[in-house]
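S.K.: There's a structure below that I have some questions on.
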Amino acid sequence: MKVETSVPIKEVRPLPQELQRIAENELNEVSSRLTSDIQQIRDWINKQPHFNFEIGDQLLVSFLRCSKFSLERAKERLDRYFTIRTMAPEAFTNRDPLLPEMQAILEAGCILPLPKVANEYGPRIIVLRFSDNLNPNLMTIVNITKLSYMIQDILLREDDNAVVSGILFWGYCKNFSSKYAVQLTPSNLQRHTVIEEKGFPFRMKGAYYSHLPQIFEALYNLLKIFGSEKLKQRMGLYSESNFEELFKKIPKDLLPEEFGGCNGSVKDLTVFWKDKVESYRDWFLKDENCKIDERLRPGTRKTSSEVFGLEGSFRKLDLD
């Protein structure tokens, strides 16, 4: 018996006019063919014994859009999305937002998608904040990235800007505790890069970091090593002295009020996203049942080393 991964819908949510134009011009979407494309993906899923759950139409459209309506690429990304979630239990289990560790991170406002986007149809900006009151023992890197994936799951189901125009990260790291350095192992960085680049069906438009303590700069360079060439070209590191250069990538007015912009306050956004994530509690608990059954996969089974790479190769990597 299959378990739903999202609420079944009778029709796909219509896009605003400008986003529809982008979907057609950049993602090869053809409105008259959308129903047929969805049905072809659904027919394929029904023939996959290792998919023992249902998938809603809106989610299927997200994968089609990210794959620029290549049916084969959409199938590959869909399979990879659920395979990664199955093989990374540290990131995709125990996702109850009411757990103490999740509550602490939500209350700290570590991951905050911003409400306004450029020209109303630009990519969704997600701010990563590392305040000086984070407890590395409770609010671990694994739990912080887990919450980031939870929020991206919400965006995947609700945010047409994120799906059509992409997402853009800005990490404000001025108060990033050095105690986190031991948690940012090469294996963790490698797994995180794979999840972000290959797990979620988003177009990554940028990943920028500012005010990064020197101890973390080597880890930033390592993160770039694990990323694709396209991602490397869309990454940037900014110090306090050249912080205004960031505004060429993210206009200043699109930053939160605390950083000189007019895109909501950190306080209000923290309350909003805490409530939003908690409202998805039932979905997160139910989603843990939506895992690939490798025993039933036709052909060769996937392995963790195949999905995430040879993680052990980086254990002795010199970061100096």
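Chain lettering (A, B, ...) mirrors the order of the structure tokens, residue numbering begins at 1 for each chain separately, and ligand numbering begins at 1 in order of display.
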Run DSSP on the backbone and give me the residues of range 77-271 of chain A it puts in strand (DSSP E or B), as number ranges by chain.
M.R.: A: 111-113, 124-129, 167-172, 204-210, 235-238
S.K.: Give me, as a tab-separated table, the closest atom pair and its distance (Å, one decimal) for every residue of range 144-200 of chain A within a cut-off of 10 Å of range 282-303 of chain A, counting only C-alpha atoms, rows sorted by chain and rising number.
M.R.:
```
residue	atom	partner	partner_atom	distance
A:Met150	CA	A:Phe284	CA	8.0
A:Asp153	CA	A:Phe284	CA	9.3
A:Ile154	CA	A:Phe284	CA	9.9
```
S.K.: Any chance you could tabulate, as a tab-separated table, the residues of range 100-130 of chain A at most 7 Å from range 253-271 of chain A with each one's nearest atom pair and distance in Å to one decimal, using only C-alpha atoms, in chain and rising number order?
M.R.:
```
residue	atom	partner	partner_atom	distance
A:Leu106	CA	A:Thr270	CA	7.0
A:Glu107	CA	A:Thr270	CA	6.6
A:Gly109	CA	A:Thr270	CA	4.7
A:Leu112	CA	A:Leu269	CA	6.6
A:Leu114	CA	A:Asn263	CA	6.5
A:Pro115	CA	A:Asn263	CA	6.5
A:Lys116	CA	A:Asn263	CA	6.0
A:Val117	CA	A:Leu254	CA	6.9
```
S.K.: Convert the current residue selection to file output with N, CA, C and O atoms, as a CSV table (one decimal), in the first residue's frame.
M.R.:
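File produced: result_33.csv:
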```csv
chain,number,residue,atom,x,y,z
A,106,LEU,N,14.8,26.9,15.7
A,106,LEU,CA,13.7,27.7,15.2
A,106,LEU,C,13.7,29.1,15.9
A,106,LEU,O,13.5,30.1,15.3
A,107,GLU,N,13.8,29.0,17.2
A,107,GLU,CA,13.8,30.3,18.1
A,107,GLU,C,15.0,31.2,17.8
A,107,GLU,O,14.9,32.4,18.0
A,109,GLY,N,16.3,31.6,14.9
A,109,GLY,CA,16.1,32.2,13.5
A,109,GLY,C,17.3,32.0,12.7
A,109,GLY,O,17.8,32.9,12.0
A,112,LEU,N,16.2,31.6,7.4
A,112,LEU,CA,15.0,32.5,7.2
A,112,LEU,C,14.9,32.8,5.7
A,112,LEU,O,15.6,33.7,5.2
A,114,LEU,N,13.4,34.9,2.8
A,114,LEU,CA,12.9,36.3,2.9
A,114,LEU,C,11.6,36.5,2.0
A,114,LEU,O,11.5,35.8,1.0
A,115,PRO,N,10.7,37.3,2.4
A,115,PRO,CA,9.4,37.4,1.7
A,115,PRO,C,9.5,38.1,0.3
A,115,PRO,O,8.8,37.6,-0.6
A,116,LYS,N,10.3,39.1,0.2
A,116,LYS,CA,10.4,39.8,-1.1
A,116,LYS,C,11.5,39.2,-2.0
A,116,LYS,O,12.6,38.8,-1.5
A,117,VAL,N,11.2,39.2,-3.3
A,117,VAL,CA,12.2,38.7,-4.3
A,117,VAL,C,12.4,39.9,-5.3
A,117,VAL,O,11.6,40.8,-5.4
```
S.K.: Work out how far apart CA of Leu156 in chain A and CA of Phe202 in chain A are and give it in Å to one decimal.
M.R.: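 Distance reported for this atom pair: 8.0 Å.
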S.K.: Could you tell me how far CA of Gln233 in chain A lies from CA of Ser148 in chain A, in Å and to one decimal?
M.R.: 22.3 Å
S.K.: Distance table requested - range 57-139 of chain A against range 176-184 of chain A, cut-off 10 Å, only C-alpha atoms: one row per qualifying residue with the closest atom pair and its distance in Å to one decimal, ordered by chain and rising residue number, as CSV.
M.R.:
```
residue,atom,partner,partner_atom,distance
A:Arg129,CA,A:Phe176,CA,8.6
A:Phe130,CA,A:Phe176,CA,5.2
A:Ser131,CA,A:Phe176,CA,6.6
A:Asp132,CA,A:Phe176,CA,6.6
A:Asn133,CA,A:Ser177,CA,9.0
A:Leu134,CA,A:Ser177,CA,7.9
A:Asn135,CA,A:Ser177,CA,9.0
A:Pro136,CA,A:Tyr180,CA,6.4
A:Asn137,CA,A:Lys179,CA,9.1
A:Met139,CA,A:Tyr180,CA,9.8
```
S.K.: Can I get the selected residues back with N, CA, C and O atoms, as a tab-separated table (two decimals), in the first residue's frame?
M.R.:
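Contents of part-v2.tsv, as written:
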```
chain	number	residue	atom	x	y	z
A	129	ARG	N	21.71	32.47	9.42
A	129	ARG	CA	22.25	33.32	10.49
A	129	ARG	C	22.87	32.45	11.58
A	129	ARG	O	22.24	31.53	12.08
A	130	PHE	N	24.10	32.79	11.94
A	130	PHE	CA	24.77	32.07	13.04
A	130	PHE	C	25.04	33.08	14.15
A	130	PHE	O	26.03	33.80	14.13
A	131	SER	N	24.11	33.13	15.11
A	131	SER	CA	24.23	34.10	16.20
A	131	SER	C	25.16	33.57	17.27
A	131	SER	O	25.49	32.38	17.32
A	132	ASP	N	25.59	34.46	18.16
A	132	ASP	CA	26.57	34.08	19.18
A	132	ASP	C	25.95	33.33	20.35
A	132	ASP	O	26.67	32.92	21.27
A	133	ASN	N	24.62	33.13	20.33
A	133	ASN	CA	24.00	32.41	21.44
A	133	ASN	C	23.63	30.97	21.08
A	133	ASN	O	22.85	30.32	21.77
A	134	LEU	N	24.19	30.46	19.97
A	134	LEU	CA	23.93	29.08	19.59
A	134	LEU	C	24.70	28.12	20.50
A	134	LEU	O	25.86	28.36	20.82
A	135	ASN	N	24.05	27.03	20.87
A	135	ASN	CA	24.66	26.00	21.69
A	135	ASN	C	25.09	24.86	20.78
A	135	ASN	O	24.24	24.08	20.35
A	136	PRO	N	26.39	24.73	20.49
A	136	PRO	CA	26.84	23.70	19.54
A	136	PRO	C	26.51	22.29	19.96
A	136	PRO	O	26.46	21.38	19.12
A	137	ASN	N	26.31	22.06	21.25
A	137	ASN	CA	25.99	20.71	21.71
A	137	ASN	C	24.55	20.33	21.41
A	137	ASN	O	24.25	19.18	21.09
A	139	MET	N	22.40	22.54	19.35
A	139	MET	CA	22.11	23.05	18.01
A	139	MET	C	23.28	22.69	17.10
A	139	MET	O	24.05	23.54	16.66
```
S.K.: Residues within 8 Å of Arg77 in chain A, please, as a list in words. Count only C-alpha atoms; anything in the same chain fewer than 2 positions from it doesn't count.
M.R.: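 What passes the distance filter is Phe63, Ser67, Arg73, Ala74, Lys75, Asp79, Arg80, Tyr81, Lys198, Gly199 and Pro201 of chain A.
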S.K.: Only N, CA, C and O atoms, please: the residues just picked out, written as an mmCIF file, in the first residue's frame.
M.R.:
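So the final result, stored in again00.cif, reads:
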```cif
data_model
loop_
_atom_site.group_PDB
_atom_site.id
_atom_site.type_symbol
_atom_site.label_atom_id
_atom_site.label_comp_id
_atom_site.auth_asym_id
_atom_site.auth_seq_id
_atom_site.Cartn_x
_atom_site.Cartn_y
_atom_site.Cartn_z
ATOM 1 N N PHE A 63 9.607 18.751 -10.166
ATOM 2 C CA PHE A 63 10.715 17.995 -10.746
ATOM 3 C C PHE A 63 10.776 18.186 -12.258
ATOM 4 O O PHE A 63 11.869 18.241 -12.834
ATOM 5 N N SER A 67 13.956 19.975 -14.202
ATOM 6 C CA SER A 67 14.583 19.167 -15.252
ATOM 7 C C SER A 67 14.341 19.743 -16.639
ATOM 8 O O SER A 67 14.633 19.084 -17.644
ATOM 9 N N ARG A 73 15.269 13.132 -17.325
ATOM 10 C CA ARG A 73 15.961 13.825 -16.230
ATOM 11 C C ARG A 73 15.050 13.963 -15.020
ATOM 12 O O ARG A 73 15.510 13.841 -13.880
ATOM 13 N N ALA A 74 13.776 14.202 -15.250
ATOM 14 C CA ALA A 74 12.832 14.308 -14.135
ATOM 15 C C ALA A 74 12.744 12.990 -13.371
ATOM 16 O O ALA A 74 12.708 12.964 -12.135
ATOM 17 N N LYS A 75 12.727 11.875 -14.099
ATOM 18 C CA LYS A 75 12.696 10.563 -13.456
ATOM 19 C C LYS A 75 13.952 10.352 -12.615
ATOM 20 O O LYS A 75 13.890 9.865 -11.481
ATOM 21 N N ASP A 79 13.962 9.966 -8.525
ATOM 22 C CA ASP A 79 14.533 8.779 -7.881
ATOM 23 C C ASP A 79 15.649 9.182 -6.922
ATOM 24 O O ASP A 79 15.735 8.681 -5.789
ATOM 25 N N ARG A 80 16.497 10.099 -7.358
ATOM 26 C CA ARG A 80 17.626 10.519 -6.531
ATOM 27 C C ARG A 80 17.151 11.258 -5.277
ATOM 28 O O ARG A 80 17.724 11.098 -4.194
ATOM 29 N N TYR A 81 16.115 12.061 -5.417
ATOM 30 C CA TYR A 81 15.550 12.811 -4.281
ATOM 31 C C TYR A 81 15.147 11.854 -3.162
ATOM 32 O O TYR A 81 15.535 12.043 -1.999
ATOM 33 N N LYS A 198 22.005 17.815 -5.611
ATOM 34 C CA LYS A 198 21.399 16.700 -6.328
ATOM 35 C C LYS A 198 20.120 16.187 -5.690
ATOM 36 O O LYS A 198 19.372 15.442 -6.325
ATOM 37 N N GLY A 199 19.878 16.574 -4.435
ATOM 38 C CA GLY A 199 18.697 16.079 -3.743
ATOM 39 C C GLY A 199 17.445 16.879 -4.036
ATOM 40 O O GLY A 199 16.411 16.316 -4.397
ATOM 41 N N PRO A 201 15.031 19.575 -6.062
ATOM 42 C CA PRO A 201 14.846 20.042 -7.446
ATOM 43 C C PRO A 201 14.741 21.561 -7.540
ATOM 44 O O PRO A 201 13.754 22.111 -8.015
#
```
S.K.: Measuring between only C-alpha atoms, which one of A:Thr93, A:Ser304, A:Gln20, A:Ser239 shows the shortest distance to Tyr208 in chain A?
M.R.: A:Ser239
S.K.: List the spatial neighbours of Lys249 in chain A as a ChimeraX atom specification - criterion: any atom at most 10 Å away, only C-alpha atoms, same-chain residues fewer than 4 positions off excluded.
M.R.: /A:168,170,205-208,234,236,244-245
S.K.: Keeping only all heavy atoms, write the selected residues as a CSV table (one decimal), in the first residue's frame.
M.R.:
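Once written, part-v5.csv looks like this:
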```
chain,number,residue,atom,x,y,z
A,168,LEU,N,18.6,31.2,-3.6
A,168,LEU,CA,19.9,31.9,-3.4
A,168,LEU,C,20.2,32.0,-1.9
A,168,LEU,O,19.4,32.5,-1.1
A,168,LEU,CB,19.8,33.3,-4.0
A,168,LEU,CG,21.1,34.1,-4.2
A,168,LEU,CD1,20.9,35.1,-5.3
A,168,LEU,CD2,21.5,34.8,-2.9
A,170,TRP,N,22.4,33.2,1.4
A,170,TRP,CA,23.4,34.1,2.0
A,170,TRP,C,23.6,33.7,3.5
A,170,TRP,O,22.7,33.7,4.3
A,170,TRP,CB,23.0,35.6,2.0
A,170,TRP,CG,23.8,36.5,2.8
A,170,TRP,CD1,25.2,36.5,2.8
A,170,TRP,CD2,23.4,37.5,3.7
A,170,TRP,NE1,25.7,37.5,3.7
A,170,TRP,CE2,24.6,38.1,4.3
A,170,TRP,CE3,22.2,38.0,4.2
A,170,TRP,CZ2,24.6,39.1,5.2
A,170,TRP,CZ3,22.2,39.0,5.1
A,170,TRP,CH2,23.3,39.5,5.6
A,205,LYS,N,21.0,29.4,-7.5
A,205,LYS,CA,21.4,30.6,-8.1
A,205,LYS,C,22.6,31.3,-7.4
A,205,LYS,O,23.2,32.2,-8.0
A,205,LYS,CB,20.2,31.6,-8.1
A,205,LYS,CG,19.1,31.2,-9.1
A,205,LYS,CD,19.6,31.1,-10.5
A,205,LYS,CE,18.5,30.8,-11.5
A,205,LYS,NZ,19.0,30.8,-12.9
A,206,GLY,N,22.9,30.8,-6.2
A,206,GLY,CA,24.1,31.4,-5.6
A,206,GLY,C,24.2,30.9,-4.1
A,206,GLY,O,23.2,30.6,-3.5
A,207,ALA,N,25.4,30.9,-3.6
A,207,ALA,CA,25.7,30.6,-2.2
A,207,ALA,C,26.8,31.5,-1.8
A,207,ALA,O,28.0,31.3,-2.1
A,207,ALA,CB,26.0,29.1,-2.0
A,208,TYR,N,26.4,32.5,-1.0
A,208,TYR,CA,27.4,33.6,-0.6
A,208,TYR,C,27.5,33.6,0.9
A,208,TYR,O,26.5,33.4,1.6
A,208,TYR,CB,26.9,34.9,-1.2
A,208,TYR,CG,26.7,34.9,-2.7
A,208,TYR,CD1,25.4,35.1,-3.2
A,208,TYR,CD2,27.7,34.7,-3.6
A,208,TYR,CE1,25.1,35.0,-4.5
A,208,TYR,CE2,27.5,34.6,-4.9
A,208,TYR,CZ,26.2,34.8,-5.4
A,208,TYR,OH,26.0,34.7,-6.8
A,234,ARG,N,29.1,30.2,-8.7
A,234,ARG,CA,28.0,30.9,-8.1
A,234,ARG,C,28.2,31.0,-6.6
A,234,ARG,O,27.2,31.3,-5.8
A,234,ARG,CB,26.7,30.2,-8.4
A,234,ARG,CG,26.3,30.3,-9.9
A,234,ARG,CD,25.0,29.6,-10.2
A,234,ARG,NE,24.7,29.7,-11.6
A,234,ARG,CZ,23.7,29.1,-12.2
A,234,ARG,NH1,22.8,28.5,-11.5
A,234,ARG,NH2,23.5,29.3,-13.5
A,236,GLY,N,30.6,32.8,-3.3
A,236,GLY,CA,31.4,33.9,-3.1
A,236,GLY,C,31.6,34.1,-1.6
A,236,GLY,O,30.7,33.8,-0.8
A,244,GLU,N,30.1,45.3,0.9
A,244,GLU,CA,29.1,46.0,0.0
A,244,GLU,C,29.2,45.3,-1.4
A,244,GLU,O,28.3,45.5,-2.2
A,244,GLU,CB,29.4,47.5,-0.1
A,244,GLU,CG,29.1,48.2,1.2
A,244,GLU,CD,29.0,49.7,1.1
A,244,GLU,OE1,29.4,50.2,0.0
A,244,GLU,OE2,28.7,50.4,2.1
A,245,GLU,N,30.3,44.6,-1.7
A,245,GLU,CA,30.3,43.9,-3.0
A,245,GLU,C,29.2,42.8,-3.1
A,245,GLU,O,28.8,42.5,-4.2
A,245,GLU,CB,31.7,43.2,-3.1
A,245,GLU,CG,32.9,44.1,-3.3
A,245,GLU,CD,32.8,44.9,-4.6
A,245,GLU,OE1,32.6,44.2,-5.7
A,245,GLU,OE2,32.9,46.1,-4.6
```
S.K.: Report the distance between CA of Cys110 in chain A and CA of Asn242 in chain A in Å, rounded to one decimal place.
M.R.: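 These two atoms are separated by 23.3 Å.
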S.K.: With only C-alpha atoms as the basis for distance, which of A:Ser70, A:Thr185, A:Ser228, A:Thr86 is at the shortest distance from Val30 in chain A?
M.R.: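 Distance minimum relative to Val30 in chain A lands on A:Ser70.
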S.K.: Assign secondary structure with DSSP using the backbone only, and return the residues of range 57-209 of chain A in alpha helix (DSSP H) as a ChimeraX atom specification.
M.R.: /A:57-66,71-87,89-92,100-108,141-158,160-165,186-194
S.K.: Find, counting only C-alpha atoms, the residue in A:Ala91, A:Ile125, A:Ile151, A:Ile45 that gets nearest to Arg281 in chain A.
M.R.: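 For Arg281 in chain A, the nearest of the candidates is A:Ile151.
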